[in-house]
$ cat coords.txt   # compact mmCIF, C-alpha atoms
# COMPACT_ATOMS: atom_id res chain seq x y z
CA MET A 12 -8.37 23.50 5.13
CA ASN A 13 -8.38 25.08 1.66
CA GLU A 14 -11.41 26.05 -0.43
CA TYR A 15 -11.26 22.83 -2.49
CA SER A 16 -11.08 20.28 0.33
CA THR A 17 -14.31 18.91 1.67
CA ILE A 18 -13.43 16.49 4.46
CA SER A 19 -10.72 16.70 7.05
CA ASP A 20 -9.04 13.35 7.55
CA GLY A 21 -7.48 13.45 10.99
CA ASP A 22 -6.21 10.12 12.30
CA SER A 23 -6.59 10.49 16.03
CA GLN A 24 -7.34 6.78 16.23
CA HIS A 25 -3.78 5.90 15.35
CA SER A 26 -2.52 4.94 18.81
CA GLU A 27 -5.67 2.93 19.53
CA GLU A 28 -5.24 1.07 16.26
CA ARG A 29 -1.57 0.53 17.04
CA ASP A 30 -2.63 -1.16 20.29
CA LEU A 31 -5.08 -3.32 18.37
CA LEU A 32 -2.31 -4.38 15.99
CA ASP A 33 -0.06 -5.28 18.94
CA ARG A 34 -2.85 -7.44 20.32
CA ILE A 35 -3.42 -9.02 16.90
CA ALA A 36 0.30 -9.79 16.76
CA SER A 37 -0.25 -11.72 20.02
CA GLN A 38 -2.98 -13.69 18.19
CA GLU A 39 -5.93 -12.06 19.99
CA CYS A 40 -8.95 -12.77 17.81
CA GLU A 41 -11.06 -10.13 19.57
CA ALA A 42 -8.64 -7.41 18.50
CA LEU A 43 -8.84 -8.64 14.92
CA THR A 44 -12.65 -8.55 15.03
CA GLU A 45 -12.52 -5.00 16.41
CA LEU A 46 -10.14 -3.81 13.67
CA TYR A 47 -12.21 -5.63 11.04
CA ARG A 48 -15.38 -3.83 12.15
CA ARG A 49 -13.61 -0.48 12.14
CA TYR A 50 -12.26 -0.92 8.63
CA TYR A 51 -14.90 -3.04 6.93
CA GLY A 52 -16.96 -0.18 5.46
CA ARG A 53 -14.01 1.84 4.19
CA LEU A 54 -12.18 -1.18 2.79
CA PHE A 55 -15.33 -2.54 1.20
CA LYS A 56 -16.01 0.71 -0.63
CA PHE A 57 -12.39 1.02 -1.69
CA VAL A 58 -12.18 -2.44 -3.22
CA TYR A 59 -15.74 -2.35 -4.55
CA ARG A 60 -14.88 0.69 -6.65
CA MET A 61 -12.13 -1.36 -8.25
CA THR A 62 -13.94 -4.64 -8.74
CA GLY A 63 -17.59 -3.67 -9.12
CA SER A 64 -18.64 -6.87 -7.39
CA HIS A 65 -20.07 -7.21 -3.89
CA SER A 66 -18.95 -10.80 -3.45
CA VAL A 67 -15.42 -10.10 -4.68
CA ALA A 68 -15.18 -6.98 -2.51
CA ASP A 69 -16.32 -8.92 0.55
CA GLU A 70 -13.83 -11.68 -0.21
CA LEU A 71 -11.02 -9.16 -0.73
CA VAL A 72 -11.72 -7.43 2.61
CA ASN A 73 -11.40 -10.81 4.31
CA ASP A 74 -8.17 -11.52 2.42
CA VAL A 75 -6.79 -8.16 3.54
CA MET A 76 -7.70 -8.80 7.17
CA LEU A 77 -6.21 -12.28 7.06
CA ILE A 78 -2.95 -10.74 5.85
CA VAL A 79 -3.19 -8.23 8.71
CA TRP A 80 -3.65 -11.17 11.09
CA LYS A 81 -0.60 -12.96 9.76
CA GLY A 82 1.55 -9.86 9.33
CA ALA A 83 0.67 -7.70 12.35
CA SER A 84 3.98 -8.53 14.01
CA SER A 85 5.85 -7.26 10.94
CA PHE A 86 4.23 -3.79 11.12
CA ARG A 87 7.17 -1.51 11.84
CA GLY A 88 5.16 1.57 12.75
CA ASP A 89 6.83 3.87 10.23
CA SER A 90 3.45 4.69 8.70
CA LYS A 91 -0.11 5.05 9.96
CA VAL A 92 -1.97 1.78 10.55
CA SER A 93 -4.55 2.90 7.98
CA THR A 94 -1.81 3.49 5.38
CA TRP A 95 -0.47 0.00 5.97
CA ILE A 96 -3.90 -1.63 5.72
CA PHE A 97 -4.89 0.28 2.58
CA GLY A 98 -1.50 -0.62 1.10
CA ILE A 99 -2.41 -4.28 1.52
CA ALA A 100 -5.84 -3.60 0.00
CA TYR A 101 -4.20 -1.81 -2.94
CA ARG A 102 -1.91 -4.76 -3.69
CA GLN A 103 -4.69 -7.33 -3.27
CA SER A 104 -7.00 -5.35 -5.58
CA LEU A 105 -4.30 -5.02 -8.23
CA LYS A 106 -3.56 -8.72 -7.98
CA ARG A 107 -7.24 -9.58 -8.37
CA LEU A 108 -7.70 -7.13 -11.24
CA SER A 109 -4.73 -8.49 -13.13
CA LYS A 110 -5.93 -12.07 -12.62
CA LYS A 111 -9.53 -11.68 -13.65
CA GLN A 112 -9.69 -8.35 -15.45
CA LEU A 113 -12.66 -7.26 -13.40
CA SER A 114 -13.91 -3.84 -14.29
CA VAL A 115 -15.32 -1.07 -12.16
CA VAL A 116 -19.05 -0.54 -11.86
CA ALA A 117 -19.89 0.12 -15.46
CA ASP A 118 -22.91 2.38 -15.66
CA SER A 119 -20.97 4.39 -18.17
CA ASP A 120 -22.28 3.66 -21.62
CA PRO A 121 -21.19 6.66 -23.68
CA ASP A 122 -24.39 6.47 -25.75
CA ASN A 123 -26.44 7.27 -22.66
CA PHE A 124 -24.34 10.34 -22.14
CA ALA A 125 -24.51 11.35 -25.78
CA SER A 126 -28.28 11.07 -26.03
CA GLY A 127 -29.00 12.16 -22.47
CA GLU A 128 -31.69 9.46 -22.30
CA GLY A 129 -33.09 8.38 -18.98
CA ARG A 130 -30.60 10.14 -16.75
CA ASN A 131 -30.29 13.62 -15.45
CA LEU A 132 -26.54 13.79 -15.23
CA GLU A 133 -24.94 15.92 -12.63
CA GLN A 134 -21.34 17.00 -12.60
CA GLU A 135 -20.29 14.10 -10.37
CA ASP A 136 -21.83 11.56 -12.75
CA TRP A 137 -19.71 13.01 -15.51
CA VAL A 138 -16.66 12.75 -13.32
CA ARG A 139 -17.44 9.12 -12.52
CA PHE A 140 -17.88 8.45 -16.21
CA GLY A 141 -14.36 9.83 -16.71
CA LEU A 142 -12.98 7.76 -13.82
CA ASP A 143 -14.32 4.56 -15.36
CA ALA A 144 -12.10 5.10 -18.40
CA LEU A 145 -8.90 4.90 -16.38
CA PRO A 146 -6.62 1.88 -16.11
CA PRO A 147 -6.68 0.12 -12.70
CA VAL A 148 -3.40 1.58 -11.45
CA GLN A 149 -4.58 5.14 -12.05
CA ARG A 150 -8.02 4.47 -10.53
CA LEU A 151 -6.43 2.94 -7.45
CA THR A 152 -4.11 5.93 -7.11
CA ILE A 153 -7.07 8.31 -7.31
CA CYS A 154 -8.87 6.31 -4.62
CA LEU A 155 -5.78 6.45 -2.41
CA VAL A 156 -5.65 10.24 -2.82
CA PHE A 157 -9.28 11.16 -2.46
CA TYR A 158 -10.98 8.25 -0.75
CA VAL A 159 -8.29 7.21 1.69
CA GLY A 160 -6.83 10.74 1.82
CA LEU A 161 -3.13 9.87 1.66
CA SER A 162 -0.27 12.28 0.98
CA TYR A 163 1.96 11.65 -2.02
CA GLU A 164 4.74 10.31 0.22
CA GLU A 165 2.32 7.86 1.83
CA ILE A 166 1.08 6.68 -1.57
CA ALA A 167 4.67 6.18 -2.69
CA LYS A 168 5.17 3.95 0.38
CA VAL A 169 1.92 2.06 -0.11
CA THR A 170 2.52 1.38 -3.79
CA GLY A 171 6.29 0.96 -3.61
CA CYS A 172 6.81 3.62 -6.31
CA PRO A 173 8.91 6.79 -6.38
CA VAL A 174 6.99 9.97 -5.54
CA ASN A 175 7.43 11.22 -9.11
CA THR A 176 5.69 8.12 -10.48
CA VAL A 177 2.74 8.75 -8.17
CA LYS A 178 2.50 12.37 -9.35
CA THR A 179 2.83 11.34 -13.00
CA ARG A 180 0.05 8.76 -12.63
CA MET A 181 -2.28 11.46 -11.37
CA PHE A 182 -1.23 13.80 -14.18
CA HIS A 183 -1.99 11.18 -16.83
CA ALA A 184 -5.22 10.17 -15.10
CA ARG A 185 -6.48 13.75 -15.28
CA LYS A 186 -5.43 14.08 -18.91
CA LYS A 187 -7.27 10.89 -19.84
CA MET A 188 -10.38 11.85 -17.89
CA LYS A 189 -10.50 15.27 -19.51
CA GLU A 190 -10.18 13.75 -22.97
CA ARG A 191 -13.02 11.33 -22.28
CA LEU A 192 -15.25 14.01 -20.84
CA GLU A 193 -14.58 16.31 -23.78
CA ASP A 194 -15.35 13.52 -26.27
CA SER A 195 -18.65 12.75 -24.54
CA ALA A 196 -19.56 16.41 -24.31
CA ASN A 197 -18.93 16.77 -28.04
CA ALA A 198 -20.99 13.65 -28.76
CA ALA A 199 -23.84 14.96 -26.60
CA HIS A 200 -23.68 18.31 -28.35
CA LYS A 201 -23.83 16.66 -31.77
CA GLY A 202 -26.71 14.45 -30.62
CA ARG A 203 -28.73 17.48 -29.57
CA GLY A 204 -27.89 19.18 -32.87
CA VAL A 205 -29.39 16.30 -34.87
CA GLN A 206 -32.62 16.36 -32.89
CA MET B 4 5.59 31.95 -19.85
CA ASN B 5 9.37 31.58 -19.46
CA ASN B 6 11.14 28.32 -18.60
CA LEU B 7 11.27 29.04 -14.88
CA GLN B 8 7.57 29.91 -14.74
CA SER B 9 6.73 26.88 -16.83
CA SER B 10 8.63 24.53 -14.52
CA GLU B 11 6.98 26.13 -11.47
CA HIS B 12 3.58 25.73 -13.16
CA ARG B 13 4.20 22.04 -13.87
CA SER B 14 5.42 21.44 -10.34
CA ILE B 15 2.36 23.16 -8.82
CA ASP B 16 0.04 21.35 -11.22
CA GLU B 17 1.39 18.02 -9.96
CA LEU B 18 0.70 19.03 -6.36
CA LEU B 19 -2.95 19.96 -6.96
CA PRO B 20 -4.51 16.57 -6.05
CA TRP B 21 -2.83 16.79 -2.63
CA TYR B 22 -3.73 20.45 -2.25
CA VAL B 23 -7.34 19.37 -2.73
CA ASN B 24 -7.09 16.44 -0.30
CA ASN B 25 -5.40 18.77 2.19
CA THR B 26 -2.24 16.76 2.85
CA LEU B 27 0.40 19.24 1.66
CA ASP B 28 2.70 20.75 4.24
CA ASP B 29 2.32 24.47 4.99
CA ARG B 30 5.15 25.57 2.72
CA GLU B 31 3.75 23.68 -0.29
CA ARG B 32 0.22 24.85 0.43
CA VAL B 33 1.29 28.49 0.47
CA ARG B 34 3.20 27.98 -2.80
CA VAL B 35 0.14 26.44 -4.46
CA GLU B 36 -2.19 29.16 -3.19
CA ARG B 37 0.12 31.91 -4.45
CA HIS B 38 0.26 30.28 -7.90
CA LEU B 39 -3.50 29.65 -8.03
CA LYS B 40 -4.20 33.37 -7.70
CA THR B 41 -2.68 34.01 -11.11
CA CYS B 42 -3.06 30.75 -13.07
CA ALA B 43 -6.45 30.05 -14.63
CA THR B 44 -5.36 26.59 -15.88
CA CYS B 45 -4.41 25.44 -12.40
CA GLN B 46 -7.64 26.89 -10.98
CA GLU B 47 -9.56 24.81 -13.52
CA ASN B 48 -7.52 21.70 -12.71
CA ALA B 49 -7.98 22.17 -8.97
CA GLN B 50 -11.71 22.48 -9.59
CA LEU B 51 -11.71 19.22 -11.55
CA TRP B 52 -9.80 17.41 -8.79
CA SER B 53 -12.24 18.82 -6.26
CA GLN B 54 -15.14 17.33 -8.27
CA VAL B 55 -13.28 14.01 -8.50
CA GLN B 56 -12.84 14.07 -4.72
CA SER B 57 -16.56 14.66 -4.15
CA ALA B 58 -17.48 11.91 -6.60
CA VAL B 59 -15.06 9.42 -5.06
CA ARG B 60 -16.11 10.22 -1.50
CA ARG B 61 -19.83 10.12 -2.14
CA ASP B 62 -21.36 6.80 -1.25
CA SER B 63 -23.74 6.49 -4.17
CA PRO B 64 -21.58 4.36 -6.52
CA VAL B 65 -21.60 1.54 -3.94
CA PRO B 66 -25.20 0.31 -3.94
CA PHE B 67 -24.97 -0.92 -0.34
CA VAL B 68 -22.31 -1.97 2.07
CA PRO B 69 -23.20 -5.23 3.75
CA GLU B 70 -22.96 -5.53 7.51
CA PRO B 71 -19.52 -6.78 8.49
CA ASN B 72 -19.70 -10.47 9.10
CA ASP B 73 -16.59 -11.59 10.89
CA SER B 74 -17.49 -15.29 10.99
CA ALA B 75 -15.93 -15.96 7.56
CA LEU B 76 -12.78 -14.15 8.64
CA LEU B 77 -12.58 -16.02 11.93
CA ASP B 78 -13.11 -19.32 10.07
CA ALA B 79 -10.20 -18.43 7.79
CA VAL B 80 -8.05 -17.50 10.79
CA GLU B 81 -8.96 -20.77 12.49
CA LYS B 82 -8.26 -22.78 9.34
CA ASP B 83 -4.94 -21.03 8.97
CA GLY B 84 -4.06 -21.87 12.58
CA ARG B 85 -5.22 -25.44 12.14
CA ARG B 86 -3.15 -25.79 8.99
CA TRP B 87 -0.03 -24.67 10.78
CA TYR B 88 -0.81 -27.01 13.63
CA ALA B 89 -1.43 -29.87 11.26
CA ASP B 90 1.75 -29.07 9.37
CA GLY B 91 3.65 -29.32 12.64
CA ALA B 92 2.09 -32.67 13.54
CA ARG B 93 2.81 -34.07 10.10
CA ALA B 94 6.32 -32.69 9.94
CA PRO B 95 8.14 -36.04 9.72
CA TYR B 96 5.92 -37.14 6.82
CA LEU B 97 6.40 -33.81 5.06
CA VAL B 98 10.17 -34.10 5.33
CA ALA B 99 10.06 -37.63 3.89
CA ALA B 100 7.77 -36.52 1.06
CA SER B 101 10.04 -33.56 0.26
CA VAL B 102 13.11 -35.80 0.06
CA LEU B 103 11.25 -38.18 -2.25
CA LEU B 104 10.11 -35.26 -4.42
CA VAL B 105 13.66 -33.90 -4.73
CA ILE B 106 14.99 -37.35 -5.73
CA THR B 107 12.19 -37.82 -8.29
CA ALA B 108 12.80 -34.35 -9.75
CA ALA B 109 16.54 -34.98 -9.99
CA VAL B 110 15.97 -38.29 -11.81
CA PHE B 111 13.41 -36.70 -14.12
CA PHE B 112 15.64 -33.80 -15.10
CA THR B 113 18.72 -35.98 -15.56
CA VAL B 114 17.02 -38.67 -17.64
CA GLY B 115 14.24 -36.54 -19.11
CA SER B 116 16.55 -33.91 -20.55
CA ARG B 117 18.30 -36.58 -22.63
CA VAL B 118 15.17 -37.96 -24.25
CA THR B 119 12.91 -34.92 -24.53
CA PRO B 120 13.65 -32.49 -27.33
CA GLU B 121 14.14 -28.99 -26.05
CA THR B 122 10.97 -26.89 -26.33
CA PRO B 123 11.73 -23.40 -27.50
CA THR B 124 10.24 -20.67 -25.33
CA GLN B 125 7.42 -18.78 -26.98
CA PHE B 126 9.10 -15.44 -26.54
CA GLU B 127 11.93 -13.82 -24.70
CA THR B 128 11.65 -12.66 -21.07
CA VAL B 129 13.36 -9.43 -20.11
CA THR B 130 13.55 -7.85 -16.67
CA SER B 131 14.50 -4.41 -15.48
CA GLU B 132 14.06 -2.20 -12.47
CA SER B 133 10.73 -0.54 -12.84
CA ALA B 134 8.48 1.58 -10.71
CA ASP B 135 5.44 0.13 -12.40
CA PRO B 136 4.49 -3.21 -10.86
CA MET B 137 2.56 -4.40 -13.91
CA VAL B 138 3.91 -6.97 -16.32
CA GLN B 139 4.36 -5.44 -19.76
CA TYR B 140 4.44 -7.18 -23.10
CA ILE B 141 6.65 -5.99 -25.92
CA ILE B 142 4.78 -6.16 -29.19
CA GLU B 143 5.82 -5.73 -32.80
CA MET B 144 3.20 -4.49 -35.20
CA ARG B 145 3.31 -4.06 -38.98
CA PHE B 146 0.77 -1.88 -40.81
CA LYS B 147 0.01 -1.61 -44.52
CA LYS B 148 1.91 1.30 -46.08
CA SER B 149 -1.40 2.95 -46.97
CA ALA B 150 -2.43 3.23 -43.27
CA THR B 151 -2.46 6.86 -42.13
CA PRO B 152 -1.10 7.83 -38.69
CA GLU B 153 -4.69 8.48 -37.51
CA GLN B 154 -5.81 5.02 -38.63
CA ARG B 155 -2.77 3.50 -36.94
CA ARG B 156 -3.47 5.36 -33.69
CA GLY B 157 -7.10 4.26 -33.79
CA ILE B 158 -6.04 0.62 -34.09
CA LEU B 159 -3.39 0.97 -31.37
CA ASP B 160 -6.11 2.32 -29.06
CA THR B 161 -8.01 -0.94 -29.45
CA LEU B 162 -5.05 -2.77 -27.89
CA GLY B 163 -5.29 -0.75 -24.67
CA ASN B 164 -2.82 1.47 -22.91
CA VAL B 165 0.18 1.24 -25.22
CA THR B 166 3.52 3.01 -25.06
CA LEU B 167 5.07 3.42 -28.49
CA ASN B 168 8.82 2.98 -28.78
CA THR B 169 8.92 3.91 -32.46
CA PRO B 170 7.24 6.66 -34.53
CA VAL B 171 3.65 5.82 -35.35
CA ASP B 172 4.36 5.90 -39.09
CA ALA B 173 7.34 3.50 -38.88
CA GLU B 174 7.27 0.39 -41.06
CA LEU B 175 7.65 -1.86 -38.02
CA LEU B 176 6.28 -0.50 -34.75
CA THR B 177 7.50 -1.63 -31.36
CA LEU B 178 5.35 -0.96 -28.36
CA HIS B 179 4.93 -1.77 -24.67
CA LEU B 180 1.55 -2.94 -23.54
CA GLY B 181 0.29 -3.82 -20.06
CA ALA B 182 -2.15 -6.71 -19.91
CA GLY B 183 -3.72 -8.78 -17.19
CA SER B 184 -3.02 -12.18 -18.62
CA LEU B 185 -1.45 -13.69 -21.69
CA PRO B 186 -4.66 -15.33 -23.02
CA GLU B 187 -6.49 -12.02 -22.64
CA LEU B 188 -3.70 -10.21 -24.50
CA GLN B 189 -3.64 -12.85 -27.22
CA ALA B 190 -7.37 -12.41 -27.74
CA ARG B 191 -6.85 -8.66 -28.17
CA ILE B 192 -4.01 -9.29 -30.61
CA ASP B 193 -6.12 -11.73 -32.62
CA ASP B 194 -8.81 -9.05 -32.87
CA ALA B 195 -6.24 -6.47 -33.98
CA ARG B 196 -4.90 -8.82 -36.67
CA ALA B 197 -8.34 -9.00 -38.20
CA LEU B 198 -8.57 -5.21 -38.56
CA PRO B 199 -8.05 -3.48 -41.89
CA HIS B 200 -4.63 -1.86 -42.43
CA VAL B 201 -2.91 -4.41 -40.16
CA ILE B 202 -0.43 -6.87 -41.66
CA ASP B 203 0.73 -8.56 -38.48
CA VAL B 204 0.93 -8.21 -34.70
CA ARG B 205 3.07 -10.43 -32.52
CA ILE B 206 4.39 -10.61 -28.98
CA VAL B 207 8.17 -10.60 -29.00
CA ALA B 208 8.96 -10.42 -25.29
CA VAL B 209 7.48 -10.15 -21.85
CA HIS B 210 8.92 -7.47 -19.62
CA LEU B 211 8.96 -8.35 -15.92
CA PRO B 212 9.59 -5.48 -13.50
CA VAL B 213 11.94 -6.27 -10.63
CA ASP B 214 12.26 -4.33 -7.40
$ encode --input "coords.txt" --output "structure tokens"
Amino acid sequence: MNEYSTISDGDSQHSEERDLLDRIASQECEALTELYRRYYGRLFKFVYRMTGSHSVADELVNDVMLIVWKGASSFRGDSKVSTWIFGIAYRQSLKRLSKKQLSVVADSDPDNFASGEGRNLEQEDWVRFGLDALPPVQRLTICLVFYVGLSYEEIAKVTGCPVNTVKTRMFHARKKMKERLEDSANAAHKGRGVQ
Amino acid sequence: MNNLQSSEHRSIDELLPWYVNNTLDDRERVRVERHLKTCATCQENAQLWSQVQSAVRRDSPVPFVPEPNDSALLDAVEKDGRRWYADGARAPYLVAASVLLVITAAVFFTVGSRVTPETPTQFETVTSESADPMVQYIIEMRFKKSATPEQRRGILDTLGNVTLNTPVDAELLTLHLGAGSLPELQARIDDARALPHVIDVRIVAVHLPVD
């Protein structure tokens, strides 16, 4: 592990989950329930970050698991089970976002940041403020990298994009975040100057 | 920095998110670590990605995660199964209905096309192979000559994430714009039309990516 990484993301559960998928492919409801319980928390957080709505996130997790139920027999095993499931979640979230234009949890009013009122902002709050400025595709890619912990090849598989597109999305996401953070920092600085 | 160093820098910079999430292979990791020792920009970028990782992995942005409730899922599974079963039982009726539908459609298109004037499509549809799964709209935009490049850029920003195909100071700008839905895009365009310095904005084509 390098000095920047904080969580190791070993997938020792893979063979167990593979067995569960085989049982789901044979229409065993108990196996589906087991997989659902294992993934619910992670999937919920992943889709919640995209939609900002508890009810929509809950609905999306169910949609994802229903697709797993119907498609378990088509899982070819050339990726981890988690990669396959998060790939489904990625596509469902994008579909939902493009239909309804839901936005991420928006506690990111720039005025609050400029005036510093009411909140003692830590570094991570600033980062989240930057994340909120990103278009859905870039936010989803960031979640796949840091929340799900996928490699760039896995993300390319999940999203159906060339590896270079995945890398470019991250490059542009960082550029946009930095710009937004710099703008807010300048605004905050000016605000303090006036007072 | 010479060209070779610059291309190495760019290539390392692109790997940083995966250096931080610890999924690079050993060879790439060693390459990144060697570069990080001497590149302050990449150190700063790795630090930013590390903060993004902590922010994304921390639970606080999700107020609470409800307990998994599998009953809704099992209901959906059951309904799905029942639907398939019912479809099987009703198969003869479905076949008859499909045949009737095909005949009706054939009659409608044969007779209807003679009496109904052709409705022009609102705008052209173009397709191309694209890595980006989002539908893009191709927009033409005309500014007043007095509009400065900064004013133009400011107005373009209000439309969203645009990709310009022409210089920003061109008389007629062409741009690509991703949007969730046509009504939502039209609302944004209506707003842009009302802005100072803008003469007209219109959608000329919709670009559909194909695999």
$ residues_around --input "coords.txt" --residues "B:Ala49" --least-positions-apart "4" --cutoff "8 Å" --atoms "only C-alpha atoms" --output "VMD selection string"
(chain A and resid 15) or (chain B and resid 19 to 20 23 45 53)
$ write_last_selection --input "coords.txt" --atoms "C-alpha atoms" --output "PDB file, in the frame of the given file"
ATOM      1  CA  TYR A  15     -11.260  22.830  -2.490  1.00  0.00           C
TER       2      TYR A  15
ATOM      3  CA  LEU B  19      -2.950  19.960  -6.960  1.00  0.00           C
ATOM      4  CA  PRO B  20      -4.510  16.570  -6.050  1.00  0.00           C
ATOM      5  CA  VAL B  23      -7.340  19.370  -2.730  1.00  0.00           C
ATOM      6  CA  CYS B  45      -4.410  25.440 -12.400  1.00  0.00           C
ATOM      7  CA  SER B  53     -12.240  18.820  -6.260  1.00  0.00           C
TER       8      SER B  53
END
$ residues_around --input "coords.txt" --residues "stretch 163-166 of chain B" --least-positions-apart "3" --cutoff "9 Å" --atoms "only C-alpha atoms" --output "number ranges by chain"
A: 146; B: 159-160, 177-182, 191
$ closest_atom_pairs --input "coords.txt" --of "chain B" --to "chain A" --cutoff "6 Å" --atoms "only C-alpha atoms" --output "JSON lines"
{"residue": "B:Glu17", "atom": "CA", "partner": "A:Lys178", "partner_atom": "CA", "distance": 5.8}
{"residue": "B:Val23", "atom": "CA", "partner": "A:Ser16", "partner_atom": "CA", "distance": 4.9}
{"residue": "B:Asn24", "atom": "CA", "partner": "A:Ser16", "partner_atom": "CA", "distance": 5.6}
{"residue": "B:Thr26", "atom": "CA", "partner": "A:Ser162", "partner_atom": "CA", "distance": 5.2}
{"residue": "B:Ser53", "atom": "CA", "partner": "A:Tyr15", "partner_atom": "CA", "distance": 5.6}
{"residue": "B:Gln56", "atom": "CA", "partner": "A:Phe157", "partner_atom": "CA", "distance": 5.1}
{"residue": "B:Ala58", "atom": "CA", "partner": "A:Glu135", "partner_atom": "CA", "distance": 5.2}
{"residue": "B:Arg60", "atom": "CA", "partner": "A:Tyr158", "partner_atom": "CA", "distance": 5.5}
{"residue": "B:Leu76", "atom": "CA", "partner": "A:Asn73", "partner_atom": "CA", "distance": 5.6}
{"residue": "B:Ala134", "atom": "CA", "partner": "A:Cys172", "partner_atom": "CA", "distance": 5.1}
{"residue": "B:Gly183", "atom": "CA", "partner": "A:Ser109", "partner_atom": "CA", "distance": 4.2}
$ atom_distance --input "coords.txt" --atom1 "atom CA of B:Asn72" --atom2 "atom CA of A:Val169"
26.6 Å
$ axis_aligned_box --input "coords.txt" --around "stretch 87-93 of chain A" --padding-each-side "5 Å" --output "AutoDock Vina command-line options"
--center_x 1.3 --center_y 1.8 --center_z 10.4 --size_x 21.7 --size_y 16.6 --size_z 14.8
$ residues_around --input "coords.txt" --residues "A:Ala36" --least-positions-apart "2" --cutoff "8 Å" --atoms "only C-alpha atoms" --output "list in words"
Leu32, Asp33, Arg34, Gln38, Glu39, Trp80, Lys81, Gly82, Ala83 and Ser84 of chain A
$ atom_distance --input "coords.txt" --atom1 "atom CA of B:Asp73" --atom2 "atom CA of A:Ser66"
14.6 Å
$ atom_distance --input "coords.txt" --atom1 "atom CA of B:Thr161" --atom2 "atom CA of B:Ala195"
7.4 Å
$ residues_around --input "coords.txt" --residues "B:Glu31" --least-positions-apart "6" --cutoff "12 Å" --atoms "only C-alpha atoms" --output "count of residues only"
12
$ closest_residue --input "coords.txt" --among "A:Leu54, A:Asn197, A:Phe140, A:Phe86" --to "A:Ser104" --atoms "only C-alpha atoms"
A:Leu54
